[in-house]
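Input: a single structure, listed below in structure tokens.
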Amino acid sequence: MARKRRAAAQAALGHKASSQLADRFFEHVPLPPDGFVAGYLPIGSEADPSEIMRRAAARGQGIALPCVEVLAAPLVFRLWKPGDPLAAGPHGTRSPVADAPAVTPALLLLPLLAFDRAGRRLGQGGGYYDRTLEALRSDGRQVVAVGLAFSAQEAEELPEERGDQRLDWIVTETAAIAFAGMD
């Protein structure tokens, strides 16, 4: 059901959705003063972060994309800019080539199937982002997790399992919602 709602919202909004997400993002979410922004290349009807990444790069932020280098392990983030070569990865992903420098993001944009007002997200089920956030946060790093979605993806309440990591922000085409004192 969440996949159907996401696909319907993406189809209704079309290409303007990426710009609307970026407008809400830059109105509310502060960029890290000296850190990397990790985005993703959308698969299917996932919310498209390309305009956020483009505007962040124009403001001098380094941009990285996730790489699945070991199945069922935390993601690795490699520097990337539009036009850089991409390699095919598992689960239909595309990521920077293996010789692109690895970096640690200060702000992480995450795709999702559904979210709730407590900062919980329902992902694709592989647990990659939860493992990644847990690893980054356990090292004491300050990483801001921003879920990107369409407003139609909001759920009343989502289940939370052991190991699930909550978002700091959710940004949709209509709003930016801060959790845990991020506003």
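Going through the structure tokens in order, the chains are called A, B, and so on, while each chain numbers its residues from 1 and the ligands are numbered from 1 in the order shown.
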
Practice prompt. Find the spatial neighbours of range 79-88 of chain A, counting only C-alpha atoms, within a cut-off of 12 Å - ignore same-chain residues fewer than 3 positions away - and output them as number ranges by chain.
Written response: A: 35-41, 50-51, 53-58, 60-69, 76, 91-105

Practice prompt. Just the residues within 7 Å of range 158-173 of chain A, please, counting only C-alpha atoms, with nothing from its chain fewer than 3 positions along; format it as a ChimeraX atom specification.
Written response: /A:17,20-21,24-25,116,119-121,130,133-134,144-151,155,176-180,182

Worksheet item: Could you pull out the alpha helix (DSSP H) residues of range 39-162 of chain A from DSSP and send them as JSON, numbers by chain?
Response: {"A": [50, 51, 52, 53, 54, 55, 56, 57, 58, 128, 129, 130, 131, 132, 133, 134, 135, 136, 137, 138]}

Please write the residues from the selection above to a file, keeping C-alpha atoms, as a PDB file, in the first residue's frame.
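out_26.pdb, written as the output of this step:
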```pdb
ATOM      1  CA  SER A  50      18.708  15.815  -7.232  1.00  0.00           C
ATOM      2  CA  GLU A  51      17.698  19.467  -6.827  1.00  0.00           C
ATOM      3  CA  ILE A  52      18.728  19.445  -3.148  1.00  0.00           C
ATOM      4  CA  MET A  53      22.102  17.976  -4.106  1.00  0.00           C
ATOM      5  CA  ARG A  54      22.537  20.486  -6.952  1.00  0.00           C
ATOM      6  CA  ARG A  55      21.747  23.485  -4.731  1.00  0.00           C
ATOM      7  CA  ALA A  56      23.921  22.189  -1.879  1.00  0.00           C
ATOM      8  CA  ALA A  57      26.853  21.738  -4.286  1.00  0.00           C
ATOM      9  CA  ALA A  58      26.313  25.283  -5.585  1.00  0.00           C
ATOM     10  CA  TYR A 128      21.044  -0.486   5.080  1.00  0.00           C
ATOM     11  CA  TYR A 129      20.223   3.025   6.279  1.00  0.00           C
ATOM     12  CA  ASP A 130      19.402   1.865   9.820  1.00  0.00           C
ATOM     13  CA  ARG A 131      22.739   0.018  10.074  1.00  0.00           C
ATOM     14  CA  THR A 132      24.535   3.028   8.608  1.00  0.00           C
ATOM     15  CA  LEU A 133      22.941   5.543  10.974  1.00  0.00           C
ATOM     16  CA  GLU A 134      23.556   3.264  13.941  1.00  0.00           C
ATOM     17  CA  ALA A 135      27.247   2.921  13.006  1.00  0.00           C
ATOM     18  CA  LEU A 136      27.675   6.669  12.484  1.00  0.00           C
ATOM     19  CA  ARG A 137      25.831   7.595  15.666  1.00  0.00           C
ATOM     20  CA  SER A 138      27.604   4.959  17.787  1.00  0.00           C
TER      21      SER A 138
END
```

Worksheet item: How far is it from CA of Ala152 in chain A to CA of Glu27 in chain A, in Å with one decimal?
Response: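 These two atoms are separated by 20.5 Å.
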
Worksheet item: Gln124 in chain A: which residues within 9 Å, counting only C-alpha atoms, same-chain residues fewer than 5 positions away excluded, as a list in words?
Response: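 Contacts, with the query itself left out: Pro111, Leu112 and Leu113 of chain A.
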
Suppose we keep N, CA, C and O atoms; can you now write the selection as a PDB file, in the first residue's frame?
```pdb
ATOM      1  N   PRO A 111      15.772   7.864   1.332  1.00  0.00           N
ATOM      2  CA  PRO A 111      14.486   7.534   0.716  1.00  0.00           C
ATOM      3  C   PRO A 111      13.650   6.709   1.688  1.00  0.00           C
ATOM      4  O   PRO A 111      14.185   6.162   2.663  1.00  0.00           O
ATOM      5  N   LEU A 112      12.361   6.615   1.439  1.00  0.00           N
ATOM      6  CA  LEU A 112      11.511   5.829   2.326  1.00  0.00           C
ATOM      7  C   LEU A 112      10.200   5.475   1.661  1.00  0.00           C
ATOM      8  O   LEU A 112       9.825   6.062   0.651  1.00  0.00           O
ATOM      9  N   LEU A 113       9.499   4.520   2.268  1.00  0.00           N
ATOM     10  CA  LEU A 113       8.162   4.143   1.814  1.00  0.00           C
ATOM     11  C   LEU A 113       7.086   4.892   2.595  1.00  0.00           C
ATOM     12  O   LEU A 113       6.053   5.252   2.041  1.00  0.00           O
TER      13      LEU A 113
END
```

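Remark: for Gly123 in chain A, the closest of the candidate residues A:Pro90, A:Glu46, A:His28, A:Ala7 is A:Glu46 (distances computed over only C-alpha atoms).
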
Practice prompt. Check the smallest atom-to-atom distance from each of A:Ala106, A:Asp139, A:Ala175, A:Ala72 to Pro32 in chain A using only C-alpha atoms, then report the winner.
Written response: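 Selected residue with least distance to Pro32 in chain A: A:Ala106.
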
Fill in: Computed interatomic separation between CA of Val143 in chain A and CA of Leu75 in chain A (Å)
13.9 Å
